[in-house]
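Next comes upload_39.cif, a file with mmCIF, C-alpha atoms and all ligand atoms.
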data_upload
#
loop_
_atom_site.label_atom_id
_atom_site.label_comp_id
_atom_site.auth_asym_id
_atom_site.auth_seq_id
_atom_site.Cartn_x
_atom_site.Cartn_y
_atom_site.Cartn_z
CA MET J 1 -14.93 24.82 -8.46
CA LYS J 2 -13.96 22.12 -10.94
CA ARG J 3 -15.63 21.54 -14.29
CA PRO J 4 -18.53 19.15 -13.64
CA PHE J 5 -18.12 15.95 -15.66
CA CYS J 6 -21.22 13.99 -16.65
CA ALA J 7 -20.96 10.62 -18.32
CA ALA J 8 -23.71 8.35 -19.65
CA ASN J 9 -23.25 4.59 -19.44
CA TRP J 10 -25.92 3.06 -21.62
CA LYS J 11 -24.98 -0.55 -20.85
CA MET J 12 -26.89 -2.98 -23.12
CA HIS J 13 -29.42 -0.41 -24.29
CA LYS J 14 -29.98 1.52 -27.53
CA GLY J 15 -29.13 0.10 -30.93
CA PRO J 16 -27.91 2.41 -33.71
CA ALA J 17 -31.33 3.90 -34.56
CA ASP J 18 -32.12 4.61 -30.90
CA ALA J 19 -28.66 6.08 -30.36
CA ALA J 20 -29.05 8.41 -33.35
CA ALA J 21 -32.47 9.56 -32.11
CA PHE J 22 -31.02 10.20 -28.65
CA GLY J 23 -28.11 12.16 -30.14
CA MET J 24 -30.37 14.44 -32.12
CA LYS J 25 -32.71 15.10 -29.22
CA PHE J 26 -29.92 15.54 -26.68
CA ALA J 27 -28.09 18.01 -28.93
CA SER J 28 -31.27 20.09 -29.12
CA LEU J 29 -31.64 20.11 -25.32
CA TYR J 30 -28.05 20.56 -24.22
CA ALA J 31 -26.11 23.45 -25.76
CA PRO J 32 -22.32 23.37 -25.53
CA GLN J 33 -21.16 24.66 -22.14
CA ALA J 34 -17.52 25.51 -21.76
CA ASP J 35 -17.45 24.87 -18.02
CA ARG J 36 -18.31 21.17 -18.17
CA THR J 37 -17.46 17.86 -19.81
CA VAL J 38 -19.99 15.39 -21.22
CA VAL J 39 -19.17 11.88 -22.45
CA VAL J 40 -21.54 9.14 -23.65
CA PHE J 41 -20.67 5.43 -23.58
CA PRO J 42 -23.06 3.69 -26.01
CA THR J 43 -22.81 0.02 -26.89
CA ALA J 44 -19.98 -0.35 -29.43
CA LEU J 45 -22.48 -1.23 -32.16
CA SER J 46 -24.10 2.19 -31.80
CA LEU J 47 -20.94 4.26 -31.63
CA ALA J 48 -20.90 5.20 -35.32
CA ALA J 49 -24.57 6.21 -35.36
CA LEU J 50 -24.16 8.34 -32.26
CA ARG J 51 -21.01 9.95 -33.66
CA GLU J 52 -22.84 10.83 -36.82
CA ALA J 53 -25.80 12.31 -34.93
CA LEU J 54 -23.36 14.41 -32.87
CA ALA J 55 -21.01 15.20 -35.77
CA ASP J 56 -21.10 18.93 -35.11
CA ARG J 57 -20.83 18.53 -31.32
CA ALA J 58 -17.12 18.24 -30.60
CA ASP J 59 -17.94 19.15 -27.00
CA ILE J 60 -19.56 15.75 -26.40
CA GLY J 61 -17.14 12.85 -26.03
CA ILE J 62 -17.95 9.29 -27.02
CA GLY J 63 -16.51 6.10 -25.61
CA VAL J 64 -16.90 2.34 -25.39
CA GLN J 65 -17.91 0.41 -22.28
CA ASP J 66 -15.15 -2.18 -22.24
CA VAL J 67 -12.24 -3.56 -24.26
CA HIS J 68 -10.31 -6.83 -24.18
CA GLU J 69 -7.06 -6.92 -22.21
CA GLU J 70 -5.14 -8.01 -25.28
CA ALA J 71 -4.42 -5.81 -28.27
CA GLY J 72 -5.87 -8.36 -30.70
CA GLY J 73 -6.24 -12.06 -31.41
CA ALA J 74 -8.65 -14.98 -31.36
CA HIS J 75 -11.19 -13.63 -28.85
CA THR J 76 -14.61 -14.13 -30.35
CA GLY J 77 -17.05 -11.40 -29.46
CA SER J 78 -14.48 -8.99 -28.02
CA LEU J 79 -13.20 -5.66 -29.18
CA SER J 80 -9.79 -4.10 -28.75
CA ALA J 81 -8.75 -0.65 -27.66
CA GLY J 82 -7.14 -0.09 -31.07
CA MET J 83 -10.43 -0.85 -32.82
CA ALA J 84 -12.27 1.51 -30.51
CA ALA J 85 -9.76 4.24 -31.42
CA GLN J 86 -10.17 3.52 -35.13
CA ALA J 87 -13.96 3.75 -34.74
CA GLY J 88 -13.61 7.22 -33.23
CA ALA J 89 -13.96 6.52 -29.51
CA GLY J 90 -12.12 8.88 -27.22
CA TRP J 91 -12.85 7.15 -23.93
CA VAL J 92 -13.13 3.65 -22.48
CA LEU J 93 -14.75 2.47 -19.25
CA ALA J 94 -12.57 -0.01 -17.38
CA GLY J 95 -13.55 -2.10 -14.38
CA HIS J 96 -17.24 -1.29 -14.28
CA SER J 97 -18.80 -3.38 -11.51
CA GLU J 98 -21.01 -5.22 -14.00
CA ARG J 99 -17.86 -6.33 -15.83
CA ARG J 100 -16.23 -7.32 -12.56
CA HIS J 101 -19.18 -9.19 -11.06
CA GLU J 102 -21.11 -10.46 -14.08
CA PHE J 103 -18.17 -11.27 -16.37
CA GLY J 104 -15.51 -11.94 -13.75
CA ASP J 105 -13.05 -9.21 -14.71
CA THR J 106 -10.26 -9.38 -12.15
CA ASN J 107 -8.20 -6.45 -10.87
CA GLU J 108 -5.29 -7.77 -12.97
CA GLN J 109 -7.40 -7.85 -16.14
CA VAL J 110 -8.67 -4.35 -15.44
CA ALA J 111 -5.05 -3.19 -15.14
CA GLU J 112 -4.21 -4.81 -18.49
CA LYS J 113 -7.23 -3.17 -20.08
CA VAL J 114 -6.24 0.27 -18.80
CA ASN J 115 -2.77 -0.25 -20.27
CA ARG J 116 -4.18 -1.24 -23.68
CA VAL J 117 -6.46 1.82 -23.61
CA LEU J 118 -3.54 4.14 -22.90
CA GLU J 119 -1.42 2.47 -25.59
CA ALA J 120 -4.23 3.13 -28.07
CA GLY J 121 -4.14 6.80 -27.15
CA LEU J 122 -7.58 6.74 -25.49
CA ARG J 123 -8.67 7.94 -22.04
CA PRO J 124 -9.62 5.29 -19.51
CA MET J 125 -12.33 5.91 -16.94
CA LEU J 126 -11.47 3.50 -14.15
CA CYS J 127 -14.46 2.39 -12.09
CA VAL J 128 -14.05 1.15 -8.53
CA GLY J 129 -16.51 0.48 -5.74
CA GLU J 130 -17.46 -1.85 -2.93
CA LYS J 131 -20.30 -4.31 -2.48
CA LEU J 132 -22.74 -3.82 0.37
CA GLU J 133 -21.15 -6.63 2.39
CA ASP J 134 -17.72 -4.98 2.00
CA ARG J 135 -19.08 -1.70 3.33
CA GLU J 136 -20.98 -3.32 6.19
CA SER J 137 -17.96 -5.34 7.25
CA GLY J 138 -15.75 -2.25 7.27
CA HIS J 139 -13.84 -3.14 4.10
CA LEU J 140 -14.68 -0.12 1.93
CA GLU J 141 -11.17 1.25 2.05
CA ALA J 142 -9.47 -2.14 1.54
CA VAL J 143 -11.57 -2.92 -1.54
CA VAL J 144 -11.14 0.48 -3.17
CA ARG J 145 -7.42 0.42 -2.38
CA ARG J 146 -6.96 -3.01 -3.96
CA GLN J 147 -8.87 -2.01 -7.07
CA LEU J 148 -6.88 1.20 -7.51
CA GLU J 149 -3.45 -0.13 -6.62
CA ALA J 150 -3.80 -3.11 -8.99
CA VAL J 151 -4.01 -0.63 -11.86
CA LEU J 152 -1.86 2.28 -10.71
CA THR J 153 1.16 0.16 -9.85
CA THR J 154 1.32 -0.95 -13.49
CA LEU J 155 1.41 2.58 -14.88
CA GLY J 156 4.19 5.08 -15.36
CA PRO J 157 3.89 8.39 -13.49
CA SER J 158 2.84 10.34 -16.56
CA ASP J 159 0.14 7.80 -17.48
CA ALA J 160 -1.68 8.11 -14.17
CA GLY J 161 -2.67 11.67 -15.01
CA ASP J 162 -4.56 10.41 -18.08
CA LEU J 163 -7.02 8.45 -15.99
CA THR J 164 -10.43 9.62 -14.87
CA TYR J 165 -12.03 7.76 -11.96
CA ALA J 166 -15.54 6.76 -11.05
CA TYR J 167 -16.46 5.67 -7.55
CA GLU J 168 -19.52 3.46 -7.91
CA PRO J 169 -20.74 1.62 -4.82
CA VAL J 170 -22.21 -1.63 -6.15
CA TRP J 171 -25.20 -1.36 -3.79
CA ALA J 172 -26.22 1.92 -5.43
CA ILE J 173 -26.02 0.83 -9.07
CA GLY J 174 -29.40 0.36 -10.70
CA THR J 175 -31.05 0.03 -7.29
CA GLY J 176 -32.53 3.50 -6.90
CA ARG J 177 -30.50 3.69 -3.70
CA THR J 178 -28.05 6.59 -3.96
CA ALA J 179 -25.11 7.15 -1.64
CA SER J 180 -25.71 10.20 0.55
CA PRO J 181 -23.46 13.17 -0.22
CA GLU J 182 -21.65 12.30 3.04
CA ASP J 183 -21.10 8.67 1.95
CA ALA J 184 -19.83 9.87 -1.43
CA ALA J 185 -17.53 12.45 0.15
CA GLU J 186 -16.11 9.82 2.53
CA ALA J 187 -15.42 7.34 -0.26
CA HIS J 188 -13.96 10.00 -2.56
CA ALA J 189 -11.62 11.08 0.23
CA ILE J 190 -10.44 7.46 0.61
CA LEU J 191 -9.94 7.21 -3.13
CA ARG J 192 -7.93 10.42 -3.23
CA SER J 193 -5.79 9.36 -0.29
CA VAL J 194 -4.90 6.10 -2.07
CA LEU J 195 -4.15 8.15 -5.19
CA ALA J 196 -1.95 10.50 -3.16
CA GLU J 197 0.08 7.52 -1.90
CA THR J 198 0.43 5.93 -5.32
CA VAL J 199 0.66 8.78 -7.81
CA GLY J 200 1.40 11.75 -5.56
CA ALA J 201 -0.51 14.51 -3.83
CA VAL J 202 -0.72 16.84 -6.81
CA ALA J 203 -2.10 14.19 -9.17
CA ALA J 204 -4.54 13.09 -6.46
CA ALA J 205 -5.83 16.62 -5.96
CA GLU J 206 -6.14 17.19 -9.69
CA ALA J 207 -7.80 13.85 -10.49
CA THR J 208 -11.35 13.91 -11.76
CA VAL J 209 -13.46 11.54 -9.69
CA LEU J 210 -17.08 10.90 -10.61
CA TYR J 211 -19.75 9.34 -8.42
CA GLY J 212 -21.99 6.67 -9.95
CA GLY J 213 -25.02 4.82 -8.65
CA SER J 214 -28.62 5.94 -9.20
CA VAL J 215 -27.67 9.49 -10.17
CA LYS J 216 -30.72 11.40 -11.42
CA PRO J 217 -31.75 15.00 -12.08
CA SER J 218 -33.11 15.28 -8.54
CA ASN J 219 -29.89 14.27 -6.75
CA ILE J 220 -27.05 15.42 -9.03
CA GLY J 221 -26.98 18.87 -7.42
CA GLU J 222 -26.37 17.60 -3.89
CA LEU J 223 -23.88 14.99 -5.08
CA LEU J 224 -21.90 17.63 -6.95
CA SER J 225 -21.81 19.74 -3.82
CA ALA J 226 -20.17 16.87 -1.87
CA GLU J 227 -16.47 17.35 -1.17
CA GLY J 228 -14.29 15.70 -3.81
CA VAL J 229 -17.13 14.75 -6.20
CA ASP J 230 -16.47 16.11 -9.69
CA GLY J 231 -19.44 14.71 -11.56
CA GLY J 232 -21.61 11.69 -12.21
CA LEU J 233 -21.45 8.44 -14.17
CA VAL J 234 -25.09 7.85 -14.97
CA GLY J 235 -26.75 4.62 -16.05
CA GLY J 236 -30.56 4.43 -16.06
CA ALA J 237 -31.21 8.17 -16.00
CA SER J 238 -28.92 8.72 -18.99
CA LEU J 239 -31.17 6.76 -21.34
CA ASP J 240 -33.68 9.59 -21.56
CA PRO J 241 -32.24 12.65 -23.33
CA VAL J 242 -34.40 14.98 -21.24
CA SER J 243 -33.16 13.63 -17.94
CA PHE J 244 -29.52 13.35 -19.08
CA ALA J 245 -29.62 16.93 -20.37
CA ALA J 246 -30.96 18.05 -16.98
CA ILE J 247 -28.13 16.18 -15.21
CA CYS J 248 -25.51 17.67 -17.55
CA SER J 249 -26.87 21.16 -16.92
CA ALA J 250 -26.82 20.86 -13.12
CA GLY J 251 -25.46 23.96 -11.46
CA SER J 252 -25.17 25.81 -14.75
CA GLU J 253 -26.21 29.44 -14.93
CA ASP J 254 -28.55 28.52 -17.81
CA THR J 255 -30.73 26.33 -15.59
P1 LIG T 1 -27.28 3.61 -12.53
O1 LIG T 1 -25.92 2.99 -13.14
O2 LIG T 1 -27.21 5.11 -12.71
O3 LIG T 1 -28.38 2.98 -13.34
O4 LIG T 1 -27.32 3.23 -11.09
C1 LIG T 1 -24.68 3.63 -12.94
C2 LIG T 1 -23.57 2.82 -13.55
O5 LIG T 1 -23.61 1.59 -13.50
O6 LIG T 1 -22.61 3.38 -14.14
#
Representation of the structure as structure tokens:
Amino acid sequence: MKRPFCAANWKMHKGPADAAAFGMKFASLYAPQADRTVVVFPTALSLAALREALADRADIGIGVQDVHEEAGGAHTGSLSAGMAAQAGAGWVLAGHSERRHEFGDTNEQVAEKVNRVLEAGLRPMLCVGEKLEDRESGHLEAVVRRQLEAVLTTLGPSDAGDLTYAYEPVWAIGTGRTASPEDAAEAHAILRSVLAETVGAVAAAEATVLYGGSVKPSNIGELLSAEGVDGGLVGGASLDPVSFAAICSAGSEDT
């Protein structure tokens, strides 16, 4: 059994005061547990406040939701991987479907971003996933393969092991519609087979692959029991410290 990995993606929610309040409450509800990993991705503006609220909780990682594909320059409104590192982030989401579909991030840009994140010494969490029409037209594998290969072919063999992956079917994000454990297992198997071809069988087997899309306290248990699913990347249900603490504690002996 792998260490479950639970990540919170707050998207455009929670300013600094809300993030600090969450941090305090969450720390009181979720005690450090050696057998699992927890990471929170607040908006970059709230990173410092959340860090401060969790100052004595080295077990909880903090990251940013996106970085620019360049290391610096005239890019109004953007932030770089180096800045995220300087601000104390340990993790960066790359290729979230809202970045891809709302802001037009291409596979090539996502690959650049992952490279900047690695250069800054941070850990990328690469998100991939198909739209409903891709799935219904039988293109799940082709889409996931394209998204993964675009990034992995730009990395050296040792870098690939620094990535964590999230499979997030677009039709399940923020819709209340969760992939069944069977759907998740099927997609995770596809993802791992593409990984095996590109970075090798050992790295593919060892990779941490989260499922994302309407994860909540009531379904995290069955999702974690699906073959190849190592944890959850949680949007809506991560905004409430009570529900995120319940998700992070899933399957623990303390629950
Ligand atoms: P959701 O979002 O849990 O609200 O569906 C997941 C995500 O976008 O990472």
Requested in this report: Would you mind reading off the distance between atom CA of Arg192 of chain J and atom CA of Glu98 of chain J, one decimal, in Å?
Outcome: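 Atom CA of Glu98 of chain J lies 23.1 Å from atom CA of Arg192 of chain J.
You will find atom CA of Val170 of chain J at 14.3 Å from atom CA of Gly236 of chain J.
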**Report entry** Residues within 8 Å of (-11.1, 4.6, -15.6), file coords, only C-alpha atoms, listed as number ranges by chain
**Finding:** J: 92-95, 114, 123-127, 163-166
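Take the candidates J:Thr37, J:Thr178, J:Ser28, J:Asn107 and check each one against Cys6 of chain J using all atoms listed in the file; the shortest distance goes to J:Thr37.
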Report task. Would you list the contacts of Pro169 of chain J as a VMD selection string, taking every protein, DNA or RNA residue within 8 Å and counting only C-alpha atoms, but skipping same-chain residues closer than 4 positions in sequence? Result -> chain J and resid 128 to 132 173 179 212 to 213
Keeping only C-alpha atoms, write the selected residues as a compact mmCIF listing (two decimals), in the coordinates of the input.
# COMPACT_ATOMS: atom_id res chain seq x y z
CA VAL J 128 -14.05 1.15 -8.53
CA GLY J 129 -16.51 0.48 -5.74
CA GLU J 130 -17.46 -1.85 -2.93
CA LYS J 131 -20.30 -4.31 -2.48
CA LEU J 132 -22.74 -3.82 0.37
CA ILE J 173 -26.02 0.83 -9.07
CA ALA J 179 -25.11 7.15 -1.64
CA GLY J 212 -21.99 6.67 -9.95
CA GLY J 213 -25.02 4.82 -8.65
**Report entry** Selection as a PyMOL selection string: residues within 9 Å of ligand LIG 1 (chain T) by all atoms listed in the file
**Finding:** chain J and resi 7-11+96-98+127+166+168+170-178+211-216+232-238
Query raised in the report: In Å, how far is it from atom CA of Gly121 of chain J to atom CA of Phe103 of chain J?
Result: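 Here the two named atoms are 25.3 Å from each other.
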Query raised in the report: Do you know which residues lie at most 12 Å from (-5.1, 21.1, -11.0), with coordinates as in the file and all atoms listed in the file counted, and could you write them as a list in words?
Result: Met1, Lys2, Arg3, Gly161, Ala201, Val202, Ala203, Ala204, Ala205, Glu206, Ala207 and Thr208 of chain J
**Report entry** Selection near Ala85 of chain J, 9 Å with only C-alpha atoms, sequence-local residues under 4 positions removed, as a list in words
**Finding:** Ser80, Ala81, Ala89, Gly90, Trp91, Val117, Ala120, Gly121 and Leu122 of chain J
Using only the atoms of segment 190-204 of chain J listed in the file, plus 4 Å on each side, state the axis-aligned box centre and edge lengths in Å rounded to one decimal, as lines of an AutoDock Vina configuration file.
center_x = -4.5
center_y = 11.4
center_z = -4.3
size_x = 19.8
size_y = 18.9
size_z = 17.8
Requested in this report: May I ask which of the residues J:His139, J:Pro241, J:Lys113, J:Ser180 is the closest one to Ala19 of chain J, counting all atoms listed in the file?
Outcome: J:Pro241
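In terms of minimum interatomic distance to Arg146 of chain J, J:Thr198 ranks closest within J:Leu210, J:Ser225, J:Ile220, J:Thr198, counting all atoms listed in the file.
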